[in-house]
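A.B. asks: The following file, structure-v4.txt, comprises compact mmCIF, C-alpha atoms:
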```
# COMPACT_ATOMS: atom_id res chain seq x y z
CA PHE M 142 -30.91 -56.98 -24.97
CA VAL M 143 -30.78 -55.24 -21.59
CA PRO M 144 -27.21 -54.50 -20.44
CA ASP M 145 -26.04 -55.05 -16.87
CA GLY M 146 -27.47 -52.36 -14.62
CA GLY M 147 -30.74 -52.08 -16.52
CA GLY M 148 -31.84 -49.84 -19.35
CA ASP M 149 -33.87 -50.13 -22.51
CA PRO M 150 -33.01 -52.62 -25.24
CA VAL M 151 -31.01 -51.04 -28.01
CA PRO M 152 -31.48 -52.36 -31.56
CA LEU M 153 -28.37 -52.58 -33.72
CA ARG M 154 -28.48 -53.54 -37.37
CA TYR M 155 -25.29 -55.52 -37.68
CA ARG M 156 -24.91 -59.13 -38.62
CA CYS M 157 -23.90 -61.00 -35.45
CA THR M 158 -20.65 -62.96 -35.63
CA LEU M 159 -20.45 -63.53 -31.90
CA GLY M 160 -22.47 -66.68 -31.48
CA ASN M 161 -26.10 -65.46 -31.45
CA ARG M 162 -28.45 -67.97 -33.07
CA ARG M 163 -30.24 -65.34 -35.14
CA SER M 164 -28.92 -63.84 -38.32
CA TRP M 165 -29.52 -60.29 -37.15
CA CYS M 166 -29.13 -59.12 -33.59
CA SER M 167 -30.99 -56.35 -31.78
CA LEU M 168 -29.18 -57.34 -28.57
CA ARG M 169 -32.52 -58.15 -26.91
CA ARG M 170 -31.36 -61.36 -25.31
CA THR M 171 -28.18 -62.94 -23.99
CA CYS M 172 -26.04 -64.60 -26.61
CA ASP M 173 -23.34 -67.25 -26.23
CA TRP M 174 -20.71 -64.54 -26.29
CA TYR M 175 -22.31 -62.82 -23.32
CA ILE M 176 -22.49 -66.11 -21.39
CA LEU M 177 -18.79 -66.73 -22.04
CA LEU M 178 -17.50 -63.37 -20.89
CA LYS M 179 -20.07 -62.85 -18.13
CA SER M 180 -20.05 -59.10 -18.72
CA VAL M 181 -20.22 -57.12 -21.92
CA THR M 182 -21.45 -53.69 -22.77
CA ILE M 183 -23.54 -52.83 -25.79
CA GLU M 184 -20.72 -50.65 -27.03
CA SER M 185 -18.04 -53.33 -26.87
CA CYS M 186 -20.31 -55.99 -28.37
CA ALA M 187 -21.34 -53.66 -31.15
CA GLN M 188 -17.74 -52.90 -31.95
CA GLU M 189 -16.95 -56.58 -32.25
CA ILE M 190 -19.96 -57.09 -34.54
CA LYS M 191 -18.67 -54.30 -36.75
CA MET M 192 -15.26 -55.97 -36.86
CA GLY M 193 -16.83 -59.32 -37.73
CA GLY M 194 -18.88 -57.82 -40.52
CA GLY M 195 -15.96 -55.98 -42.06
CA VAL M 196 -17.29 -52.56 -41.10
CA ASP M 197 -15.38 -49.82 -39.30
CA VAL M 198 -12.10 -51.70 -39.31
CA PRO M 199 -9.35 -49.43 -37.90
CA ARG M 200 -6.83 -48.22 -40.43
CA SER M 201 -3.93 -47.79 -38.01
CA SER M 202 -2.81 -49.07 -34.62
CA SER M 203 -3.55 -47.00 -31.52
CA TYR M 204 -0.43 -48.35 -29.83
CA PRO M 205 3.07 -46.88 -30.31
CA MET M 206 6.01 -48.92 -31.51
CA VAL M 207 8.69 -49.63 -28.89
CA GLU M 208 12.41 -50.39 -28.98
CA VAL M 209 13.40 -54.06 -28.73
CA PRO M 210 15.10 -53.77 -25.28
CA ALA M 211 11.99 -52.12 -23.85
CA ALA M 212 9.80 -54.84 -25.36
CA VAL M 213 11.98 -57.57 -23.83
CA GLU M 214 11.89 -55.89 -20.42
CA ILE M 215 8.09 -55.71 -20.51
CA VAL M 216 7.85 -59.43 -21.22
CA LEU M 217 10.40 -60.40 -18.55
CA SER M 218 8.81 -58.22 -15.87
CA GLN M 219 5.40 -59.73 -16.54
CA ALA M 220 6.78 -63.26 -16.68
CA GLU M 221 8.10 -62.80 -13.15
CA ARG M 222 4.54 -62.11 -11.99
CA VAL M 223 3.14 -65.17 -13.75
CA LEU M 224 5.74 -67.81 -12.96
CA GLU M 225 5.99 -69.36 -9.51
CA ARG M 226 9.02 -70.21 -7.38
CA GLU M 227 10.25 -73.67 -6.52
CA LEU M 228 13.33 -75.16 -4.89
CA VAL M 229 15.32 -77.74 -6.83
CA GLU M 230 18.30 -79.74 -5.70
CA LEU M 231 21.78 -79.02 -6.96
CA GLU M 232 21.91 -82.01 -9.30
CA GLU M 233 18.77 -80.86 -11.14
CA VAL M 234 19.35 -77.13 -11.40
CA ALA M 235 21.35 -76.98 -14.66
CA GLY M 236 19.43 -75.08 -17.33
CA ARG M 237 17.04 -73.43 -14.85
CA VAL M 238 16.63 -69.69 -14.24
CA LEU M 239 17.13 -68.25 -10.77
CA PHE M 240 14.05 -66.80 -9.10
CA GLU M 241 16.05 -64.66 -6.65
CA ASP M 242 19.60 -63.82 -5.64
CA VAL M 243 21.53 -66.72 -4.12
CA LEU M 244 23.73 -66.08 -1.07
CA ALA M 245 26.79 -68.03 0.03
CA GLN M 246 25.99 -70.25 3.01
CA GLY M 247 29.55 -70.10 4.34
CA ASP M 248 32.99 -68.60 3.88
CA VAL M 249 35.24 -69.93 1.10
CA PRO M 250 37.65 -71.14 2.26
CA PRO M 251 36.05 -71.86 5.63
CA PHE M 252 39.46 -72.07 7.36
CA ARG M 253 42.96 -70.69 6.83
CA ALA M 254 44.36 -72.93 4.11
CA SER M 255 47.89 -73.58 2.96
CA ILE M 256 48.53 -72.55 -0.62
CA LYS M 257 51.54 -74.87 -1.03
CA ASP M 258 53.15 -78.00 0.33
CA GLY M 259 55.58 -76.86 2.99
CA TYR M 260 55.89 -75.97 6.65
CA ALA M 261 53.65 -73.83 8.83
CA VAL M 262 55.88 -71.45 10.77
CA VAL M 263 56.02 -68.33 12.87
CA GLN M 264 57.31 -65.84 10.31
CA ALA M 265 59.43 -63.82 12.77
CA GLU M 266 61.58 -66.84 13.67
CA GLY M 267 63.16 -66.83 10.18
CA PRO M 268 65.56 -69.43 8.69
CA GLY M 269 67.09 -72.12 10.83
CA ILE M 270 66.78 -75.70 12.05
CA TYR M 271 63.40 -76.66 13.52
CA ASP M 272 61.74 -79.65 15.11
CA VAL M 273 58.86 -80.99 12.98
CA SER M 274 56.10 -81.45 15.55
CA GLY M 275 53.66 -83.12 13.21
CA GLU M 276 51.87 -82.91 9.91
CA VAL M 277 48.48 -81.68 8.71
CA THR M 278 47.08 -82.97 5.43
CA ALA M 279 43.94 -81.87 3.58
CA GLY M 280 40.79 -82.71 5.50
CA ARG M 281 42.49 -83.06 8.91
CA LYS M 282 42.28 -80.76 11.91
CA PRO M 283 45.59 -79.33 13.21
CA ASP M 284 46.50 -80.60 16.67
CA THR M 285 50.23 -79.89 16.87
CA ASP M 286 52.33 -76.99 18.16
CA VAL M 287 54.01 -74.30 16.09
CA GLY M 288 56.58 -71.75 17.30
CA ASN M 289 59.42 -71.74 19.79
CA GLY M 290 61.54 -73.82 17.44
CA LYS M 291 58.74 -76.03 16.15
CA VAL M 292 57.11 -76.21 12.70
CA VAL M 293 54.38 -78.37 11.19
CA TYR M 294 54.42 -80.01 7.79
CA VAL M 295 51.32 -79.02 5.77
CA THR M 296 50.03 -80.02 2.35
CA THR M 297 48.29 -77.85 -0.23
CA GLY M 298 44.76 -77.03 0.92
CA ALA M 299 45.30 -78.25 4.46
CA PRO M 300 44.23 -76.15 7.48
CA VAL M 301 47.04 -74.06 8.94
CA PRO M 302 47.52 -74.31 12.73
CA ASP M 303 46.30 -71.25 14.64
CA GLU M 304 49.76 -70.40 16.00
CA ALA M 305 51.33 -70.28 12.54
CA ASP M 306 51.26 -67.04 10.55
CA ALA M 307 53.07 -68.14 7.36
CA VAL M 308 53.92 -71.16 5.24
CA VAL M 309 57.38 -71.85 3.88
CA GLN M 310 57.23 -73.90 0.69
CA VAL M 311 59.07 -77.20 0.70
CA GLU M 312 61.53 -75.96 -1.96
CA TRP M 313 62.95 -73.51 0.62
CA THR M 314 63.88 -76.32 3.01
CA LYS M 315 66.23 -79.31 3.25
CA PRO M 316 66.58 -82.25 5.61
CA ALA M 317 68.54 -81.58 8.78
CA GLU M 318 71.18 -83.95 10.20
CA GLU M 319 69.01 -84.97 13.15
CA PRO M 320 65.88 -87.11 12.49
CA GLY M 321 62.61 -85.24 13.01
CA GLN M 322 64.17 -81.89 12.12
CA ILE M 323 64.10 -79.68 9.01
CA GLU M 324 66.33 -76.82 7.96
CA ILE M 325 64.59 -73.74 6.54
CA THR M 326 67.05 -72.12 4.19
CA ARG M 327 64.81 -69.19 3.22
CA GLY M 328 62.26 -67.68 5.55
CA ALA M 329 58.75 -66.50 4.72
CA PRO M 330 59.05 -62.90 3.45
CA LYS M 331 55.96 -61.64 5.35
CA VAL M 332 53.19 -62.59 7.71
CA GLY M 333 50.44 -64.44 5.85
CA HIS M 334 52.75 -65.75 3.17
CA ASP M 335 51.18 -68.69 1.27
CA ILE M 336 48.09 -68.78 3.49
CA ARG M 337 44.56 -68.25 2.15
CA PRO M 338 42.59 -66.40 4.85
CA VAL M 339 39.01 -67.35 5.73
CA GLY M 340 36.58 -65.95 3.13
CA THR M 341 39.27 -64.96 0.63
CA ASP M 342 37.21 -66.23 -2.32
CA VAL M 343 33.67 -65.76 -1.00
CA LYS M 344 32.31 -64.44 2.28
CA LYS M 345 29.28 -65.88 4.02
CA GLY M 346 26.13 -64.00 2.98
CA GLN M 347 27.70 -62.66 -0.22
CA THR M 348 25.57 -62.71 -3.38
CA ILE M 349 27.09 -65.33 -5.63
CA LEU M 350 24.40 -65.48 -8.34
CA SER M 351 21.68 -62.98 -9.23
CA ALA M 352 18.01 -63.39 -10.03
CA ARG M 353 17.24 -64.16 -13.70
CA GLU M 354 20.63 -65.82 -14.26
CA GLU M 355 20.56 -69.13 -16.07
CA VAL M 356 22.43 -71.89 -14.27
CA HIS M 357 25.07 -73.80 -16.23
CA MET M 358 27.83 -76.16 -15.14
CA ALA M 359 30.10 -73.38 -13.83
CA GLU M 360 27.27 -71.99 -11.70
CA VAL M 361 26.52 -75.47 -10.35
CA GLY M 362 30.14 -75.71 -9.21
CA LEU M 363 29.94 -72.31 -7.54
CA LEU M 364 26.71 -73.22 -5.73
CA ALA M 365 28.25 -76.41 -4.41
CA THR M 366 31.41 -74.58 -3.34
CA CYS M 367 29.29 -72.13 -1.34
CA ASN M 368 27.36 -74.95 0.35
CA VAL M 369 24.05 -74.24 -1.41
CA ARG M 370 21.95 -77.39 -1.78
CA ASN M 371 18.41 -76.22 -2.60
CA VAL M 372 18.27 -73.55 -5.29
CA PRO M 373 15.34 -71.13 -5.83
CA VAL M 374 14.32 -71.14 -9.49
CA TYR M 375 11.33 -70.27 -11.61
CA LYS M 376 9.05 -73.18 -12.38
CA ASN M 377 9.48 -74.16 -15.99
CA ALA M 378 6.96 -72.10 -17.94
CA ARG M 379 4.16 -73.90 -19.75
CA VAL M 380 4.16 -72.05 -23.07
CA ALA M 381 1.20 -72.57 -25.38
CA VAL M 382 1.67 -71.91 -29.09
CA LEU M 383 -1.29 -71.20 -31.38
CA SER M 384 -1.29 -70.54 -35.09
CA THR M 385 -4.23 -68.78 -36.70
CA GLY M 386 -5.27 -68.63 -40.31
CA ASP M 387 -7.64 -70.28 -42.79
CA GLU M 388 -4.70 -70.74 -45.15
CA LEU M 389 -2.61 -72.96 -42.85
CA VAL M 390 -2.16 -76.73 -43.00
CA GLU M 391 0.10 -79.12 -41.11
CA ALA M 392 3.41 -80.15 -42.68
CA GLY M 393 3.52 -83.48 -44.52
CA GLY M 394 0.02 -83.50 -45.98
CA GLU M 395 -1.73 -82.33 -49.11
CA LEU M 396 -1.31 -78.67 -50.00
CA PRO M 397 -4.48 -77.41 -51.69
CA TYR M 398 -4.35 -74.35 -53.87
CA GLY M 399 -4.02 -71.14 -51.84
CA MET M 400 -2.85 -72.94 -48.69
CA ILE M 401 0.55 -72.81 -47.02
CA VAL M 402 2.28 -75.03 -44.48
CA ASP M 403 2.29 -73.81 -40.88
CA SER M 404 6.01 -73.44 -40.16
CA ASN M 405 5.85 -70.90 -37.33
CA ARG M 406 4.22 -73.15 -34.75
CA PRO M 407 6.67 -76.08 -34.96
CA MET M 408 9.56 -73.62 -34.86
CA LEU M 409 8.18 -71.80 -31.80
CA LEU M 410 7.43 -75.06 -29.99
CA ALA M 411 11.01 -76.17 -30.63
CA ALA M 412 12.31 -72.81 -29.39
CA VAL M 413 10.30 -73.15 -26.18
CA GLY M 414 11.67 -76.62 -25.51
CA SER M 415 15.24 -75.62 -26.30
CA VAL M 416 15.32 -73.06 -23.47
CA GLY M 417 13.68 -75.23 -20.84
CA GLY M 418 10.03 -74.33 -21.35
CA ILE M 419 7.22 -76.88 -21.48
CA PRO M 420 5.64 -76.64 -24.97
CA VAL M 421 1.85 -76.81 -25.21
CA ASP M 422 0.64 -77.26 -28.79
CA LEU M 423 -2.76 -75.63 -29.42
CA GLY M 424 -2.74 -76.41 -33.13
CA ILE M 425 -4.21 -74.20 -35.85
CA ALA M 426 -7.30 -72.06 -35.31
CA PRO M 427 -9.29 -70.87 -38.33
CA ASP M 428 -10.02 -67.18 -38.84
CA GLU M 429 -13.22 -67.36 -36.85
CA GLU M 430 -13.66 -65.37 -33.69
CA ARG M 431 -15.30 -68.14 -31.71
CA ALA M 432 -12.51 -70.58 -32.62
CA VAL M 433 -9.81 -68.12 -31.61
CA THR M 434 -11.66 -67.32 -28.38
CA SER M 435 -11.98 -71.01 -27.53
CA ALA M 436 -8.26 -71.56 -28.12
CA PHE M 437 -7.41 -68.55 -25.99
CA MET M 438 -9.54 -69.84 -23.11
CA ASP M 439 -7.92 -73.25 -23.48
CA ALA M 440 -4.49 -71.63 -23.19
CA MET M 441 -5.51 -69.85 -19.97
CA VAL M 442 -6.17 -73.21 -18.35
CA LYS M 443 -3.23 -75.16 -19.78
CA SER M 444 -0.39 -72.66 -19.84
CA ASP M 445 1.41 -69.76 -18.19
CA VAL M 446 2.26 -67.99 -21.45
CA LEU M 447 0.51 -67.95 -24.83
CA ILE M 448 2.33 -67.24 -28.09
CA THR M 449 0.13 -66.72 -31.13
CA SER M 450 1.15 -66.54 -34.77
CA GLY M 451 -1.00 -64.45 -37.08
CA GLY M 452 -4.17 -62.46 -36.57
CA VAL M 453 -2.65 -59.27 -35.13
CA SER M 454 -2.59 -56.96 -38.13
CA MET M 455 -5.36 -54.63 -39.35
CA GLY M 456 -7.51 -56.98 -41.42
CA ASN M 457 -11.14 -57.85 -40.75
CA LYS M 458 -10.06 -61.42 -39.90
CA ASP M 459 -7.44 -60.35 -37.37
CA PHE M 460 -9.23 -61.16 -34.12
CA ILE M 461 -6.32 -61.59 -31.73
CA LYS M 462 -5.82 -57.96 -30.75
CA PRO M 463 -9.44 -56.99 -29.98
CA LEU M 464 -9.93 -60.30 -28.19
CA LEU M 465 -6.89 -59.89 -25.95
CA GLU M 466 -7.68 -56.27 -25.15
CA ARG M 467 -10.64 -57.51 -23.12
CA TYR M 468 -8.44 -59.38 -20.68
CA GLY M 469 -5.67 -56.97 -19.78
CA THR M 470 -3.28 -54.30 -20.93
CA VAL M 471 -1.69 -54.50 -24.36
CA GLY M 472 2.02 -53.84 -23.90
CA TRP M 473 2.76 -53.04 -27.52
CA THR M 474 1.65 -53.99 -31.00
CA SER M 475 4.94 -53.55 -32.87
CA PHE M 476 8.59 -52.79 -32.28
CA TYR M 477 11.45 -51.29 -34.22
CA ILE M 478 13.05 -54.12 -36.15
CA SER M 479 12.86 -54.69 -39.87
CA GLY M 480 10.56 -57.39 -41.19
CA VAL M 481 8.62 -58.36 -38.07
CA ARG M 482 5.75 -55.88 -37.84
CA PRO M 483 3.13 -56.35 -36.60
CA ASN M 484 3.47 -58.17 -33.30
CA LEU M 485 1.60 -58.02 -30.03
CA VAL M 486 2.03 -58.67 -26.34
CA LEU M 487 -0.75 -58.81 -23.78
CA LEU M 488 -0.22 -58.34 -20.06
CA TYR M 489 -3.17 -59.93 -18.31
CA GLU M 490 -4.31 -60.93 -14.86
CA TYR M 491 -7.17 -63.23 -15.83
CA ARG M 492 -7.67 -66.94 -15.30
CA TYR M 493 -10.62 -68.77 -16.86
CA ILE M 494 -11.41 -72.04 -15.07
CA SER M 495 -14.66 -74.01 -15.45
CA GLY M 496 -16.57 -70.95 -16.58
CA GLU M 497 -15.48 -68.81 -13.64
CA SER M 498 -13.29 -65.75 -13.93
```
What would the structure in this file look like if it were written as structure tokens?
C.D. replies:
Amino acid sequence: FVPDGGGDPVPLRYRCTLGNRRSWCSLRRTCDWYILLKSVTIESCAQEIKMGGGVDVPRSSSYPMVEVPAAVEIVLSQAERVLERELVELEEVAGRVLFEDVLAQGDVPPFRASIKDGYAVVQAEGPGIYDVSGEVTAGRKPDTDVGNGKVVYVTTGAPVPDEADAVVQVEWTKPAEEPGQIEITRGAPKVGHDIRPVGTDVKKGQTILSAREEVHMAEVGLLATCNVRNVPVYKNARVAVLSTGDELVEAGGELPYGMIVDSNRPMLLAAVGSVGGIPVDLGIAPDEERAVTSAFMDAMVKSDVLITSGGVSMGNKDFIKPLLERYGTVGWTSFYISGVRPNLVLLYEYRYISGES
């Protein structure tokens, strides 16, 4: 075998587990493994042959353990790089995760609104008998005069006429003797009384929801209130789940001696679906490097995220870690929580499509 860049063939006396047709490999010609990866050095290939033959298996991990919050942050930060943005309409946004901050498209309320049923007045005119020049109900534009002995009847939520600077609730009034008049028995205590100013609840351009927030029914109501129709969210992640292990069988069938039922994969697929992901079932791969590699390549085409179960410890059949190290940066191999070591996350920027990388 002549490595990329030239050089003399280097014989190695290891049994080849990487797809070469011959029992023993001197690396003198390209093997299937080399064709698949398109580039491999003698050193890396030799190391994998050692692993496959049960020789020189590491006795400890070269990666430090991390705290759980740090591990979660690594996964989330990388997921943001993998997942794309899309706009969905308000009626379809429940259960989705926001891609970016969402800003209010208008003031809430968008006009000065009456807090109570009553009369819009000029506060300085105080108690007395007034002509009722008209009425403004919710949804209608004020077109009547206020002040100089005139008031306007307003309902809760209705726009307050521009000339008015307070609202006197109906309980502080009584009918006057003359038709079309009202007697205010108690005046508004201050300017602005019982009026909601423009933007009291939310101001235009204000951040109402932050990136990474999950949208539920309350958030949908807030988005609608702030006149947001199209909402930027992450596309639902396609999450592939792969179990590895010669000892695994599907639930519901025969259970030969030494075998166990694969329970992790169905559970993980259910977990993915329960939080809005799109589950991609890759089945069970045997403890064979070529089978695991094939499943991994399949996941790169079909999914955004791959979750594997098994094959990440220190045994000579644990192929996941050395395989994934070729494609990116390993974020960690274990974290500080009882009963779940070892585990592994890979941060990669590799896409395998039709044999091209």
A.B. asks: Nearest residue to Gln322 of chain M out of M:Gly290, M:Gly346, M:Gly394, M:Gly386, using only C-alpha atoms?
C.D. replies: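 Among the listed residues, the smallest separation from Gln322 of chain M belongs to M:Gly290.
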A.B. asks: Considering all atoms listed in the file, state which residue in the set M:Thr297, M:Asn289, M:Thr449, M:Asn405 is at the smallest distance from Val277 of chain M.
C.D. replies: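 For Val277 of chain M, the nearest of the given residues is M:Thr297.
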A.B. asks: Point out the residue among M:Met438, M:Val416, M:Val374, M:Val213 with the least atom-to-atom distance to Glu241 of chain M, counting all atoms listed in the file.
C.D. replies: M:Val374
A.B. asks: Quick check, in Å to one decimal: how far apart do atom CA of Gly275 of chain M and atom CA of Val292 of chain M lie?
C.D. replies: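 That distance, rounded to one decimal, is 7.7 Å.
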A.B. asks: Here is a test: counting all atoms listed in the file, which residue of M:Glu354, M:Glu232, M:Asp335, M:Glu466 is nearest to Gln310 of chain M?
C.D. replies: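 Going through M:Glu354, M:Glu232, M:Asp335, M:Glu466 one by one, the smallest distance to Gln310 of chain M is for M:Asp335.
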A.B. asks: In Å to one decimal, how far is atom CA of Gly288 of chain M from atom CA of Thr341 of chain M?
C.D. replies: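 Atom-to-atom, atom CA of Thr341 of chain M and atom CA of Gly288 of chain M are spaced 25.0 Å apart.
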A.B. asks: M:Thr296, M:Ser415, M:Asn371, M:Gln219: which is nearest Val446 of chain M, counting only C-alpha atoms?
C.D. replies: M:Gln219
A.B. asks: Please compute the atom CA of Ile323 of chain M-atom CA of Phe252 of chain M distance, one decimal, in Å.
C.D. replies: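 Distance reported for this atom pair: 25.8 Å.
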A.B. asks: Using only C-alpha atoms, can you tell me which of M:Asp342, M:Asp303, M:Glu214, M:Glu266 comes closest to Leu363 of chain M?
C.D. replies: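 Closest to Leu363 of chain M, using only C-alpha atoms: M:Asp342.
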